[in-house]
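As structure tokens, the structure follows; a few thoughts come after it.
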Amino acid sequence: MNWITNYVRPRINSIFSRRETPDNLWTKCTECGTMLFHRELSDNLNVCTDCGHHMAITPRARMEALFDGGIFTEVETPEAIADPLQFKDQKKYPERVKIAQKKTGEKDAMLVVEGDIGRTSIVAAAQDFSFMGGSMGMNVGNAIVAGAQRAVELKRPFVLFSAAGGARMQEGILALMQMPRTTVAVQMLREAGLPYIVVLTHPTTGGVTASYAMLGDIQIAEPNALIAFAGTRVIEQTIGEKLPEGFQRAEYLLDHGMLDRVTKRTEMRAELITIVRMLLGLPPEVMGDLPAPTEAETEKVETPDETAKK
């Protein structure tokens, strides 16, 4: 037996052999089929660099891109009863919640935070569609109410990113009751004279659309986002007619007056900063790290004509 052939050579080959490329380095765009490098896609906020298709993004990744320096503080929200109806289908409701929590790393489908965007303090909430379809249950209602109360307490605007398939069926009427409950929370903001801005992302449907998602002072949507109450097929079967192409998409709703803006995700931060400061009666955002010059400093600056005369 030759130990060099039987041991050394296989050992060397195993060390220097080409390793397989991990599967998570590339993501295929579901719209155009382009293979996108994961870092490039992440840097572009999960927007396809080839066709501009907006893919799903987690609430935390969205907040990190929104707030100054990616810094924000979570707002505590009260926890609801775990399984009020003792609901069970193929799995028990608490088991489904645990699976969703493990998958997303979040307690429920709504994340509420506070921080600064463009040096303007706000309270923001974002819905996670990957958590049981972003369904609206009691915890989501608690989160929106807590966010609105915090905004009123701090006298800050409230910005909400919606993404949901509707009310959570496992909570029945208790989930549906979050529609009037969150409407009251929005009214609290109105009575306090604070801006409430809604960004509708893909998809926003069902009872969410019939409540807090369509009550904003300003309604913005991401491109091609599905925004609806009932599905297209249900409507067509009910009215017996074929619906127009692009019906219930963001661009169609903008053309028909249901939205104020359709804004790309990569431009959303700048858009929100401008709108928030405008609604608060503040001057435009100061770009860079230097503070804005005072009136006295502005008066000392010589114009080109004055410099030429000297």
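Starting from 1 in every chain, residues are counted up; chains themselves are A, B, ... following the order of the structure tokens, and ligands are numbered from 1 as listed.
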TODO: Name the residues of segment 88-310 of chain A that fall into strand (DSSP E) according to DSSP on the backbone, using the chain letters and numbers of this document, as JSON, numbers by chain.
DONE: {"A": [110, 111, 112, 113, 114, 115, 116, 117, 120, 121, 122, 123, 124, 125, 126, 127, 158, 159, 160, 161, 162, 163, 164, 196, 197, 198, 199, 200, 201, 202, 203, 204, 218, 219, 220, 221, 261, 262]}
N, CA, C and O atoms of the current selection, written as a short mmCIF file (atom, residue, chain, number, x, y, z; two decimals), in the first residue's frame:
```
data_model
loop_
_atom_site.label_atom_id
_atom_site.label_comp_id
_atom_site.auth_asym_id
_atom_site.auth_seq_id
_atom_site.Cartn_x
_atom_site.Cartn_y
_atom_site.Cartn_z
N MET A 110 -46.87 42.94 13.11
CA MET A 110 -46.68 44.39 13.06
C MET A 110 -45.52 44.81 13.96
O MET A 110 -45.47 44.45 15.13
N LEU A 111 -44.61 45.59 13.39
CA LEU A 111 -43.48 46.14 14.13
C LEU A 111 -43.68 47.64 14.26
O LEU A 111 -43.92 48.34 13.27
N VAL A 112 -43.58 48.16 15.49
CA VAL A 112 -43.77 49.59 15.75
C VAL A 112 -42.48 50.14 16.34
O VAL A 112 -41.95 49.59 17.32
N VAL A 113 -41.98 51.23 15.77
CA VAL A 113 -40.71 51.81 16.22
C VAL A 113 -40.81 53.33 16.22
O VAL A 113 -41.77 53.92 15.70
N GLU A 114 -39.79 53.96 16.78
CA GLU A 114 -39.68 55.43 16.75
C GLU A 114 -38.24 55.81 16.48
O GLU A 114 -37.32 55.06 16.78
N GLY A 115 -38.07 56.97 15.88
CA GLY A 115 -36.72 57.44 15.54
C GLY A 115 -36.79 58.68 14.68
O GLY A 115 -37.83 59.35 14.61
N ASP A 116 -35.69 58.99 14.00
CA ASP A 116 -35.60 60.20 13.18
C ASP A 116 -35.38 59.86 11.71
O ASP A 116 -34.58 58.97 11.38
N ILE A 117 -36.08 60.55 10.83
CA ILE A 117 -35.80 60.48 9.40
C ILE A 117 -35.52 61.91 8.93
O ILE A 117 -36.34 62.81 9.14
N THR A 120 -36.01 64.42 11.55
CA THR A 120 -37.39 64.70 11.93
C THR A 120 -37.93 63.48 12.67
O THR A 120 -37.93 62.38 12.12
N SER A 121 -38.37 63.66 13.89
CA SER A 121 -38.81 62.54 14.72
C SER A 121 -40.19 62.04 14.30
O SER A 121 -41.11 62.85 14.10
N ILE A 122 -40.32 60.72 14.15
CA ILE A 122 -41.60 60.11 13.79
C ILE A 122 -41.79 58.82 14.57
O ILE A 122 -40.87 58.30 15.18
N VAL A 123 -43.01 58.30 14.51
CA VAL A 123 -43.31 56.94 14.95
C VAL A 123 -43.73 56.19 13.69
O VAL A 123 -44.48 56.73 12.86
N ALA A 124 -43.24 54.98 13.51
CA ALA A 124 -43.54 54.22 12.29
C ALA A 124 -43.93 52.79 12.64
O ALA A 124 -43.49 52.23 13.64
N ALA A 125 -44.76 52.21 11.78
CA ALA A 125 -45.17 50.81 11.93
C ALA A 125 -45.09 50.14 10.57
O ALA A 125 -45.36 50.77 9.54
N ALA A 126 -44.71 48.86 10.56
CA ALA A 126 -44.60 48.11 9.31
C ALA A 126 -45.16 46.72 9.50
O ALA A 126 -44.87 46.05 10.50
N GLN A 127 -45.95 46.27 8.54
CA GLN A 127 -46.60 44.97 8.59
C GLN A 127 -45.77 43.94 7.84
O GLN A 127 -45.20 44.25 6.78
N PHE A 158 -47.23 59.85 12.40
CA PHE A 158 -47.28 58.39 12.41
C PHE A 158 -47.26 57.91 10.96
O PHE A 158 -48.13 58.28 10.16
N VAL A 159 -46.26 57.09 10.61
CA VAL A 159 -46.13 56.54 9.27
C VAL A 159 -46.34 55.03 9.35
O VAL A 159 -45.68 54.36 10.14
N LEU A 160 -47.24 54.50 8.51
CA LEU A 160 -47.56 53.08 8.57
C LEU A 160 -47.38 52.43 7.19
O LEU A 160 -47.87 52.95 6.19
N PHE A 161 -46.65 51.31 7.17
CA PHE A 161 -46.47 50.51 5.96
C PHE A 161 -47.37 49.28 6.06
O PHE A 161 -47.16 48.43 6.93
N SER A 162 -48.35 49.19 5.18
CA SER A 162 -49.31 48.08 5.26
C SER A 162 -48.95 46.96 4.29
O SER A 162 -48.42 47.21 3.20
N ALA A 163 -49.23 45.74 4.69
CA ALA A 163 -49.05 44.55 3.83
C ALA A 163 -49.81 43.41 4.48
O ALA A 163 -49.36 42.87 5.49
N ALA A 164 -50.98 43.06 3.94
CA ALA A 164 -51.81 42.08 4.63
C ALA A 164 -52.77 41.39 3.69
O ALA A 164 -53.14 41.93 2.64
N TYR A 196 -50.88 61.54 9.57
CA TYR A 196 -50.93 60.08 9.48
C TYR A 196 -50.71 59.71 8.02
O TYR A 196 -51.54 60.00 7.16
N ILE A 197 -49.57 59.09 7.74
CA ILE A 197 -49.19 58.77 6.36
C ILE A 197 -49.17 57.26 6.20
O ILE A 197 -48.57 56.54 7.01
N VAL A 198 -49.82 56.77 5.15
CA VAL A 198 -49.89 55.33 4.89
C VAL A 198 -49.14 55.02 3.60
O VAL A 198 -49.33 55.69 2.58
N VAL A 199 -48.27 54.00 3.67
CA VAL A 199 -47.58 53.49 2.49
C VAL A 199 -48.11 52.08 2.24
O VAL A 199 -47.86 51.17 3.04
N LEU A 200 -48.86 51.91 1.17
CA LEU A 200 -49.46 50.62 0.86
C LEU A 200 -48.48 49.80 0.02
O LEU A 200 -48.06 50.23 -1.06
N THR A 201 -48.12 48.63 0.52
CA THR A 201 -47.18 47.76 -0.19
C THR A 201 -47.90 46.51 -0.66
O THR A 201 -49.05 46.26 -0.28
N HIS A 202 -47.24 45.72 -1.46
CA HIS A 202 -47.86 44.53 -2.05
C HIS A 202 -47.82 43.34 -1.09
O HIS A 202 -46.75 43.00 -0.59
N PRO A 203 -48.97 42.70 -0.83
CA PRO A 203 -50.33 43.14 -1.14
C PRO A 203 -50.98 43.76 0.08
O PRO A 203 -50.62 43.45 1.21
N THR A 204 -51.96 44.63 -0.12
CA THR A 204 -52.77 45.16 0.97
C THR A 204 -54.22 44.90 0.62
O THR A 204 -54.76 45.52 -0.31
N ILE A 218 -52.12 61.26 3.78
CA ILE A 218 -51.44 61.07 2.51
C ILE A 218 -51.38 59.57 2.23
O ILE A 218 -50.97 58.79 3.10
N GLN A 219 -51.81 59.16 1.03
CA GLN A 219 -51.80 57.74 0.64
C GLN A 219 -50.73 57.53 -0.43
O GLN A 219 -50.84 58.07 -1.54
N ILE A 220 -49.70 56.75 -0.10
CA ILE A 220 -48.63 56.44 -1.04
C ILE A 220 -48.63 54.93 -1.26
O ILE A 220 -49.01 54.17 -0.38
N ALA A 221 -48.20 54.50 -2.42
CA ALA A 221 -48.09 53.06 -2.70
C ALA A 221 -46.80 52.78 -3.44
O ALA A 221 -46.27 53.64 -4.14
N ARG A 261 -49.77 59.26 -4.37
CA ARG A 261 -48.47 59.06 -5.01
C ARG A 261 -48.21 57.56 -5.21
O ARG A 261 -48.69 56.73 -4.44
N VAL A 262 -47.43 57.24 -6.23
CA VAL A 262 -46.82 55.92 -6.37
C VAL A 262 -45.32 56.16 -6.41
O VAL A 262 -44.82 56.82 -7.32
#
```
TODO: Would you list the contacts of Gln101 of chain A as a PyMOL selection string, taking every protein, DNA or RNA residue within 12 Å and counting only C-alpha atoms, but skipping same-chain residues closer than 6 positions in sequence?
DONE: chain A and resi 94-95+107-110+128+130-132
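With distances restricted to only C-alpha atoms, A:Ile144 is the closest residue to Val184 of chain A from A:Ala210, A:Ala225, A:Ile144, A:Ile275.
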Open item on the list: Give me, as a ChimeraX atom specification, the residues of segment 62-234 of chain A that a backbone DSSP run labels alpha helix (DSSP H).
Closed with: /A:62-66,93-104,138-154,172-176,178-191,232-234
Could you save those same residues with C-alpha atoms as a PDB file, in the first residue's frame?
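Writing the result to selection.pdb gives the following:
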```pdb
ATOM      1  CA  ARG A  62     -37.326  48.576   5.756  1.00  0.00           C
ATOM      2  CA  MET A  63     -36.874  50.503   8.999  1.00  0.00           C
ATOM      3  CA  GLU A  64     -33.082  50.305   8.796  1.00  0.00           C
ATOM      4  CA  ALA A  65     -33.254  51.889   5.353  1.00  0.00           C
ATOM      5  CA  LEU A  66     -35.779  54.508   6.491  1.00  0.00           C
ATOM      6  CA  TYR A  93     -53.563  28.313  16.358  1.00  0.00           C
ATOM      7  CA  PRO A  94     -50.743  28.731  18.953  1.00  0.00           C
ATOM      8  CA  GLU A  95     -48.676  26.231  16.965  1.00  0.00           C
ATOM      9  CA  ARG A  96     -49.119  28.265  13.772  1.00  0.00           C
ATOM     10  CA  VAL A  97     -48.075  31.424  15.630  1.00  0.00           C
ATOM     11  CA  LYS A  98     -44.920  29.727  16.956  1.00  0.00           C
ATOM     12  CA  ILE A  99     -44.001  28.577  13.438  1.00  0.00           C
ATOM     13  CA  ALA A 100     -44.451  32.125  12.122  1.00  0.00           C
ATOM     14  CA  GLN A 101     -42.398  33.555  14.993  1.00  0.00           C
ATOM     15  CA  LYS A 102     -39.578  31.125  14.304  1.00  0.00           C
ATOM     16  CA  LYS A 103     -39.700  31.878  10.574  1.00  0.00           C
ATOM     17  CA  THR A 104     -39.684  35.683  10.887  1.00  0.00           C
ATOM     18  CA  MET A 138     -55.600  41.485  18.156  1.00  0.00           C
ATOM     19  CA  ASN A 139     -51.821  41.894  18.411  1.00  0.00           C
ATOM     20  CA  VAL A 140     -51.781  43.940  15.205  1.00  0.00           C
ATOM     21  CA  GLY A 141     -54.597  46.076  16.591  1.00  0.00           C
ATOM     22  CA  ASN A 142     -52.679  46.530  19.849  1.00  0.00           C
ATOM     23  CA  ALA A 143     -49.576  47.551  17.907  1.00  0.00           C
ATOM     24  CA  ILE A 144     -51.387  50.223  15.881  1.00  0.00           C
ATOM     25  CA  VAL A 145     -53.128  51.630  18.960  1.00  0.00           C
ATOM     26  CA  ALA A 146     -49.812  51.679  20.870  1.00  0.00           C
ATOM     27  CA  GLY A 147     -48.118  53.409  17.926  1.00  0.00           C
ATOM     28  CA  ALA A 148     -50.841  56.049  17.695  1.00  0.00           C
ATOM     29  CA  GLN A 149     -50.750  56.670  21.452  1.00  0.00           C
ATOM     30  CA  ARG A 150     -46.975  57.019  21.363  1.00  0.00           C
ATOM     31  CA  ALA A 151     -47.214  59.465  18.460  1.00  0.00           C
ATOM     32  CA  VAL A 152     -49.767  61.560  20.346  1.00  0.00           C
ATOM     33  CA  GLU A 153     -47.672  61.429  23.516  1.00  0.00           C
ATOM     34  CA  LEU A 154     -44.525  62.627  21.699  1.00  0.00           C
ATOM     35  CA  GLY A 172     -62.863  35.444  14.174  1.00  0.00           C
ATOM     36  CA  ILE A 173     -64.942  38.435  15.244  1.00  0.00           C
ATOM     37  CA  LEU A 174     -62.154  39.595  17.575  1.00  0.00           C
ATOM     38  CA  ALA A 175     -59.934  40.150  14.518  1.00  0.00           C
ATOM     39  CA  LEU A 176     -62.719  41.994  12.682  1.00  0.00           C
ATOM     40  CA  GLN A 178     -59.684  45.629  15.043  1.00  0.00           C
ATOM     41  CA  MET A 179     -61.144  47.519  12.073  1.00  0.00           C
ATOM     42  CA  PRO A 180     -63.145  50.021  14.193  1.00  0.00           C
ATOM     43  CA  ARG A 181     -60.495  49.891  16.899  1.00  0.00           C
ATOM     44  CA  THR A 182     -57.698  51.010  14.571  1.00  0.00           C
ATOM     45  CA  THR A 183     -60.042  53.602  13.032  1.00  0.00           C
ATOM     46  CA  VAL A 184     -60.413  55.133  16.492  1.00  0.00           C
ATOM     47  CA  ALA A 185     -56.610  55.156  16.811  1.00  0.00           C
ATOM     48  CA  VAL A 186     -56.363  57.121  13.550  1.00  0.00           C
ATOM     49  CA  GLN A 187     -58.982  59.540  14.858  1.00  0.00           C
ATOM     50  CA  MET A 188     -56.785  60.121  17.932  1.00  0.00           C
ATOM     51  CA  LEU A 189     -54.045  61.346  15.604  1.00  0.00           C
ATOM     52  CA  ARG A 190     -56.476  63.606  13.755  1.00  0.00           C
ATOM     53  CA  GLU A 191     -57.749  65.187  16.966  1.00  0.00           C
ATOM     54  CA  THR A 232     -60.617  40.258  -8.815  1.00  0.00           C
ATOM     55  CA  ARG A 233     -62.248  36.870  -9.447  1.00  0.00           C
ATOM     56  CA  VAL A 234     -64.852  37.433  -6.719  1.00  0.00           C
TER      57      VAL A 234
END
```
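Using only C-alpha atoms, the smallest distance between any of A:Met177, A:Asn24, A:His53, A:Glu106 and Arg39 of chain A comes from A:Asn24.
Shortest atom-to-atom contact with Phe87 of chain A among A:Met169, A:Leu36, A:Leu25, A:Ile71: A:Met169, counting only C-alpha atoms.
The interatomic distance for the pair atom CA of Leu45 of chain A and atom CA of Thr274 of chain A works out to 19.9 Å.
Counting from atom CA of His38 of chain A, the distance to atom CA of Trp26 of chain A is 5.3 Å.
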